[in-house]
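J.: Provided herewith: data.txt, compact mmCIF, N, CA and C atoms.
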# COMPACT_ATOMS: atom_id res chain seq x y z
N ASP A 1 -59.66 -145.33 -227.78
CA ASP A 1 -59.10 -144.08 -228.26
C ASP A 1 -60.11 -142.97 -227.95
N ILE A 2 -59.69 -142.00 -227.17
CA ILE A 2 -60.54 -140.87 -226.83
C ILE A 2 -59.89 -139.62 -227.38
N GLY A 3 -60.62 -138.90 -228.25
CA GLY A 3 -60.07 -137.73 -228.93
C GLY A 3 -59.90 -136.53 -228.01
N TYR A 4 -59.24 -135.54 -228.57
CA TYR A 4 -59.01 -134.28 -227.86
C TYR A 4 -60.31 -133.58 -227.48
N PHE A 5 -60.28 -132.86 -226.38
CA PHE A 5 -61.36 -131.97 -225.93
C PHE A 5 -62.69 -132.70 -225.66
N CYS A 6 -62.60 -133.97 -225.26
CA CYS A 6 -63.81 -134.69 -224.83
C CYS A 6 -64.09 -134.35 -223.37
N PHE A 7 -65.36 -134.45 -223.00
CA PHE A 7 -65.77 -134.24 -221.61
C PHE A 7 -66.58 -135.46 -221.19
N ILE A 8 -66.18 -136.08 -220.09
CA ILE A 8 -66.89 -137.26 -219.59
C ILE A 8 -67.32 -136.99 -218.16
N HIS A 9 -68.64 -136.88 -217.96
CA HIS A 9 -69.21 -136.66 -216.63
C HIS A 9 -69.65 -138.03 -216.12
N ALA A 10 -68.88 -138.61 -215.21
CA ALA A 10 -69.05 -140.01 -214.83
C ALA A 10 -69.61 -140.22 -213.43
N LYS A 11 -70.38 -139.27 -212.91
CA LYS A 11 -70.90 -139.41 -211.55
C LYS A 11 -71.67 -140.72 -211.35
N TYR A 12 -72.45 -141.14 -212.34
CA TYR A 12 -73.24 -142.37 -212.23
C TYR A 12 -72.63 -143.51 -213.04
N GLY A 13 -71.42 -143.34 -213.54
CA GLY A 13 -70.68 -144.40 -214.20
C GLY A 13 -70.63 -144.27 -215.71
N VAL A 14 -69.43 -144.37 -216.24
CA VAL A 14 -69.21 -144.44 -217.68
C VAL A 14 -68.21 -145.56 -217.91
N GLU A 15 -68.60 -146.52 -218.74
CA GLU A 15 -67.75 -147.66 -219.04
C GLU A 15 -67.43 -147.63 -220.54
N ILE A 16 -66.15 -147.61 -220.86
CA ILE A 16 -65.71 -147.60 -222.26
C ILE A 16 -64.90 -148.87 -222.47
N GLU A 17 -65.42 -149.76 -223.31
CA GLU A 17 -64.77 -151.05 -223.51
C GLU A 17 -63.63 -150.96 -224.53
N GLU A 18 -62.92 -152.06 -224.66
CA GLU A 18 -61.77 -152.17 -225.53
C GLU A 18 -62.09 -151.80 -226.98
N ASP A 19 -61.14 -151.15 -227.64
CA ASP A 19 -61.21 -150.80 -229.06
C ASP A 19 -62.32 -149.81 -229.41
N ALA A 20 -62.96 -149.21 -228.42
CA ALA A 20 -63.95 -148.16 -228.71
C ALA A 20 -63.21 -146.89 -229.10
N GLN A 21 -63.81 -146.11 -229.98
CA GLN A 21 -63.22 -144.85 -230.42
C GLN A 21 -64.23 -143.73 -230.18
N ILE A 22 -63.75 -142.64 -229.58
CA ILE A 22 -64.60 -141.50 -229.28
C ILE A 22 -63.96 -140.28 -229.92
N GLY A 23 -64.67 -139.66 -230.85
CA GLY A 23 -64.14 -138.51 -231.58
C GLY A 23 -63.97 -137.28 -230.70
N GLY A 24 -63.06 -136.43 -231.10
CA GLY A 24 -62.77 -135.21 -230.36
C GLY A 24 -64.00 -134.34 -230.18
N GLY A 25 -64.06 -133.67 -229.04
CA GLY A 25 -65.14 -132.74 -228.77
C GLY A 25 -66.44 -133.39 -228.33
N THR A 26 -66.42 -134.69 -228.07
CA THR A 26 -67.64 -135.39 -227.65
C THR A 26 -67.88 -135.19 -226.16
N PHE A 27 -69.15 -135.04 -225.79
CA PHE A 27 -69.55 -134.87 -224.40
C PHE A 27 -70.38 -136.09 -223.99
N ILE A 28 -69.99 -136.73 -222.89
CA ILE A 28 -70.70 -137.90 -222.37
C ILE A 28 -71.18 -137.55 -220.96
N TYR A 29 -72.48 -137.60 -220.76
CA TYR A 29 -73.07 -137.22 -219.48
C TYR A 29 -73.79 -138.41 -218.84
N SER A 30 -73.45 -138.72 -217.59
CA SER A 30 -74.20 -139.73 -216.85
C SER A 30 -75.33 -139.09 -216.04
N ILE A 31 -75.42 -137.76 -216.11
CA ILE A 31 -76.49 -137.03 -215.44
C ILE A 31 -76.93 -135.88 -216.35
N ASN A 32 -78.22 -135.62 -216.37
CA ASN A 32 -78.78 -134.52 -217.15
C ASN A 32 -79.57 -133.63 -216.19
N THR A 33 -79.07 -132.44 -215.93
CA THR A 33 -79.72 -131.55 -214.96
C THR A 33 -80.96 -130.86 -215.54
N GLU A 34 -81.13 -130.89 -216.86
CA GLU A 34 -82.32 -130.27 -217.45
C GLU A 34 -83.59 -131.03 -217.10
N ASN A 35 -83.53 -132.36 -217.11
CA ASN A 35 -84.73 -133.15 -216.79
C ASN A 35 -84.51 -134.08 -215.60
N ASN A 36 -83.42 -133.85 -214.86
CA ASN A 36 -83.15 -134.57 -213.62
C ASN A 36 -83.05 -136.09 -213.81
N THR A 37 -82.41 -136.53 -214.89
CA THR A 37 -82.23 -137.96 -215.14
C THR A 37 -80.76 -138.33 -214.97
N HIS A 38 -80.53 -139.61 -214.69
CA HIS A 38 -79.16 -140.10 -214.61
C HIS A 38 -79.13 -141.59 -214.87
N SER A 39 -78.04 -142.06 -215.44
CA SER A 39 -77.83 -143.49 -215.67
C SER A 39 -76.38 -143.73 -216.03
N LYS A 40 -75.98 -144.97 -215.92
CA LYS A 40 -74.65 -145.37 -216.37
C LYS A 40 -74.62 -145.33 -217.89
N ILE A 41 -73.46 -145.02 -218.46
CA ILE A 41 -73.26 -145.02 -219.91
C ILE A 41 -72.29 -146.15 -220.21
N ILE A 42 -72.65 -147.02 -221.18
CA ILE A 42 -71.77 -148.12 -221.58
C ILE A 42 -71.52 -148.01 -223.08
N ILE A 43 -70.25 -147.86 -223.43
CA ILE A 43 -69.85 -147.84 -224.84
C ILE A 43 -69.10 -149.15 -225.06
N MET A 44 -69.70 -150.03 -225.84
CA MET A 44 -69.20 -151.40 -225.94
C MET A 44 -68.04 -151.53 -226.92
N ARG A 45 -67.42 -152.68 -226.88
CA ARG A 45 -66.24 -153.01 -227.67
C ARG A 45 -66.42 -152.64 -229.16
N GLY A 46 -65.45 -151.91 -229.69
CA GLY A 46 -65.42 -151.59 -231.11
C GLY A 46 -66.38 -150.50 -231.55
N ALA A 47 -67.12 -149.90 -230.63
CA ALA A 47 -68.05 -148.82 -231.01
C ALA A 47 -67.26 -147.60 -231.47
N LYS A 48 -67.84 -146.86 -232.39
CA LYS A 48 -67.19 -145.65 -232.90
C LYS A 48 -68.15 -144.48 -232.77
N ILE A 49 -67.70 -143.46 -232.03
CA ILE A 49 -68.50 -142.26 -231.81
C ILE A 49 -67.80 -141.14 -232.58
N GLY A 50 -68.51 -140.49 -233.49
CA GLY A 50 -67.93 -139.40 -234.28
C GLY A 50 -67.66 -138.17 -233.43
N ALA A 51 -66.97 -137.22 -234.03
CA ALA A 51 -66.60 -135.98 -233.33
C ALA A 51 -67.83 -135.16 -232.96
N ASN A 52 -67.71 -134.44 -231.85
CA ASN A 52 -68.71 -133.47 -231.40
C ASN A 52 -70.09 -134.06 -231.13
N CYS A 53 -70.13 -135.29 -230.67
CA CYS A 53 -71.40 -135.92 -230.29
C CYS A 53 -71.73 -135.60 -228.84
N VAL A 54 -72.99 -135.77 -228.48
CA VAL A 54 -73.44 -135.64 -227.09
C VAL A 54 -74.18 -136.93 -226.76
N ILE A 55 -73.76 -137.60 -225.70
CA ILE A 55 -74.41 -138.82 -225.24
C ILE A 55 -75.07 -138.53 -223.91
N LEU A 56 -76.39 -138.70 -223.85
CA LEU A 56 -77.19 -138.37 -222.67
C LEU A 56 -77.62 -139.63 -221.93
N PRO A 57 -77.90 -139.52 -220.64
CA PRO A 57 -78.36 -140.68 -219.88
C PRO A 57 -79.79 -141.06 -220.26
N SER A 58 -80.18 -142.28 -219.90
CA SER A 58 -81.56 -142.71 -220.17
C SER A 58 -82.50 -142.09 -219.14
N LYS A 59 -83.75 -141.99 -219.52
CA LYS A 59 -84.75 -141.38 -218.63
C LYS A 59 -85.25 -142.35 -217.56
N ASP A 60 -85.10 -143.66 -217.81
CA ASP A 60 -85.62 -144.65 -216.86
C ASP A 60 -84.57 -145.16 -215.87
N GLY A 61 -83.35 -144.63 -215.93
CA GLY A 61 -82.30 -145.04 -215.01
C GLY A 61 -81.54 -146.29 -215.41
N LYS A 62 -82.02 -146.98 -216.47
CA LYS A 62 -81.28 -148.14 -216.98
C LYS A 62 -80.08 -147.63 -217.77
N PRO A 63 -79.04 -148.45 -217.91
CA PRO A 63 -77.84 -147.97 -218.63
C PRO A 63 -78.14 -147.54 -220.07
N ARG A 64 -77.50 -146.46 -220.49
CA ARG A 64 -77.51 -146.05 -221.89
C ARG A 64 -76.41 -146.86 -222.56
N ILE A 65 -76.74 -147.64 -223.59
CA ILE A 65 -75.78 -148.56 -224.20
C ILE A 65 -75.57 -148.22 -225.67
N ILE A 66 -74.30 -148.06 -226.03
CA ILE A 66 -73.89 -147.98 -227.44
C ILE A 66 -73.34 -149.36 -227.74
N GLY A 67 -74.00 -150.12 -228.61
CA GLY A 67 -73.70 -151.52 -228.82
C GLY A 67 -72.35 -151.81 -229.47
N GLU A 68 -71.97 -153.05 -229.39
CA GLU A 68 -70.70 -153.52 -229.94
C GLU A 68 -70.63 -153.22 -231.45
N ASN A 69 -69.53 -152.62 -231.88
CA ASN A 69 -69.27 -152.27 -233.28
C ASN A 69 -70.30 -151.33 -233.89
N ALA A 70 -71.08 -150.66 -233.07
CA ALA A 70 -72.02 -149.66 -233.57
C ALA A 70 -71.25 -148.39 -233.91
N SER A 71 -71.84 -147.54 -234.74
CA SER A 71 -71.20 -146.27 -235.04
C SER A 71 -72.22 -145.14 -234.95
N VAL A 72 -71.75 -144.00 -234.48
CA VAL A 72 -72.58 -142.81 -234.33
C VAL A 72 -71.93 -141.72 -235.16
N ARG A 73 -72.70 -141.16 -236.07
CA ARG A 73 -72.21 -140.11 -236.96
C ARG A 73 -71.85 -138.85 -236.18
N ALA A 74 -70.87 -138.11 -236.66
CA ALA A 74 -70.43 -136.87 -236.02
C ALA A 74 -71.60 -135.91 -235.81
N ASN A 75 -71.51 -135.10 -234.76
CA ASN A 75 -72.49 -134.05 -234.44
C ASN A 75 -73.87 -134.60 -234.10
N THR A 76 -73.93 -135.80 -233.55
CA THR A 76 -75.20 -136.44 -233.22
C THR A 76 -75.44 -136.40 -231.71
N THR A 77 -76.69 -136.16 -231.32
CA THR A 77 -77.09 -136.29 -229.93
C THR A 77 -77.72 -137.67 -229.76
N VAL A 78 -77.17 -138.45 -228.83
CA VAL A 78 -77.65 -139.82 -228.59
C VAL A 78 -78.54 -139.79 -227.36
N ASN A 79 -79.84 -140.05 -227.56
CA ASN A 79 -80.78 -140.07 -226.45
C ASN A 79 -81.57 -141.38 -226.40
N LYS A 80 -81.01 -142.41 -227.05
CA LYS A 80 -81.58 -143.76 -226.98
C LYS A 80 -80.45 -144.77 -227.15
N ASN A 81 -80.73 -146.02 -226.80
CA ASN A 81 -79.72 -147.06 -226.96
C ASN A 81 -79.48 -147.34 -228.44
N ILE A 82 -78.23 -147.66 -228.76
CA ILE A 82 -77.86 -147.97 -230.14
C ILE A 82 -77.52 -149.47 -230.20
N PRO A 83 -78.23 -150.24 -231.04
CA PRO A 83 -77.99 -151.69 -231.09
C PRO A 83 -76.62 -152.05 -231.66
N LYS A 84 -76.23 -153.27 -231.41
CA LYS A 84 -74.99 -153.83 -231.94
C LYS A 84 -74.92 -153.66 -233.46
N GLU A 85 -73.78 -153.18 -233.96
CA GLU A 85 -73.46 -153.04 -235.39
C GLU A 85 -74.44 -152.12 -236.13
N PHE A 86 -75.10 -151.24 -235.43
CA PHE A 86 -76.04 -150.28 -236.03
C PHE A 86 -75.32 -148.98 -236.34
N HIS A 87 -75.68 -148.34 -237.44
CA HIS A 87 -75.11 -147.04 -237.81
C HIS A 87 -76.15 -145.97 -237.57
N TYR A 88 -75.86 -145.06 -236.64
CA TYR A 88 -76.83 -144.06 -236.19
C TYR A 88 -76.35 -142.66 -236.53
N PRO A 89 -77.13 -141.77 -236.99
CA PRO A 89 -78.53 -141.93 -237.39
C PRO A 89 -78.66 -142.44 -238.78
Can you turn what I pasted into structure tokens?
T.:
Amino acid sequence: DIGYFCFIHAKYGVEIEEDAQIGGGTFIYSINTENNTHSKIIIMRGAKIGANCVILPSKDGKPRIIGENASVRANTTVNKNIPKEFHYP
């Protein structure tokens, strides 16, 4: 489920698995032009991303992973991997 007014920049790959939910107004970037980084973004099965979040690529080029059944609170900037079943922040 992807909410209204989301933006997904998938130049380097964005994978959204089954039953993942992405709140409206969320921005997902596989490239960051401010620091010249890029990586694939993987949102695993059952993950929940709150509204108006920003998900940025990793700095080392490895995939940015939001783990299975993890949740990210609304209005959060994600700049690190989120483990399985973890509630961030």
J.: Give me the residues within 6.5 Å of stretch 80-87 of chain A as a PyMOL selection string, counting only N, CA and C atoms and dropping any in the same chain fewer than 6 places off.
T.: chain A and resi 64-73
J.: Run DSSP on the backbone and give me the residues of chain A it puts in strand (DSSP E), as number ranges by chain.
T.: A: 7-9, 14-16, 21-22, 27-29, 31-32, 37-38, 41-43, 48-49, 54-55, 64-66, 71-72, 77-78, 87-88
J.: I need the residue nearest A:Ile22 from this list: A:Ile2, A:Cys53, A:Met44, A:Val78. Use all atoms listed in the file for the distance.
T.: A:Ile2
J.: Using all atoms listed in the file, collect all residues at a distance of at most 6.5 Å from (-64.5, -135.2, -235.9) as written in the file, then present them as a ChimeraX atom specification.
T.: /A:23-24,50-52,74
J.: Considering all atoms listed in the file, can you say which of A:Phe7, A:Asn35, A:Asp19, A:Thr26 comes closest to A:Ala47?
T.: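 Nearest candidate to A:Ala47 out of A:Phe7, A:Asn35, A:Asp19, A:Thr26: A:Asp19.
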J.: Using only C-alpha atoms, which residue out of A:Ser58, A:Thr77, A:Ser39, A:Thr33 lies closest to A:Val14?
T.: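 So, comparing all the options, the nearest one is A:Ser39.
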J.: So that I can check the surroundings of A:Ala20, please list as a list in words every protein, DNA and RNA residue that reaches within 5 Å of it, counting all atoms listed in the file and ignoring chain neighbours fewer than 4 positions away.
T.: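 Everything that qualifies: Asp1, Arg45, Gly46 and Ala47 of chain A.
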J.: Counting all atoms listed in the file, which of A:Ala10, A:Tyr88, A:Asp60, A:Asn75 gets nearest to A:His38?
T.: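 Smallest distance to A:His38 is found for A:Asp60.
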J.: Fewer than 4 positions away in the same chain doesn't count, so skip those; otherwise give me all residues within 5 Å of A:Ile55, counting only N, CA and C atoms, as a PyMOL selection string.
T.: chain A and resi 27-29+78
J.: So the first atom is atom N of A:Lys62 and the second is atom C of A:Glu15; what is the distance between them in Å, to one decimal place?
T.: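 Atom-to-atom, atom N of A:Lys62 and atom C of A:Glu15 are spaced 15.2 Å apart.
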J.: Choose the residue, out of A:Gly3, A:Pro63, A:Pro89, A:Pro57, that has the smallest atom-to-atom separation from A:Asn32; count all atoms listed in the file.
T.: A:Pro57
J.: Find, counting only C-alpha atoms, the residue in A:Thr76, A:Ile31, A:Val54, A:Gln21 that gets nearest to A:His9.
T.: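 Closest to A:His9 of all the choices is A:Ile31.
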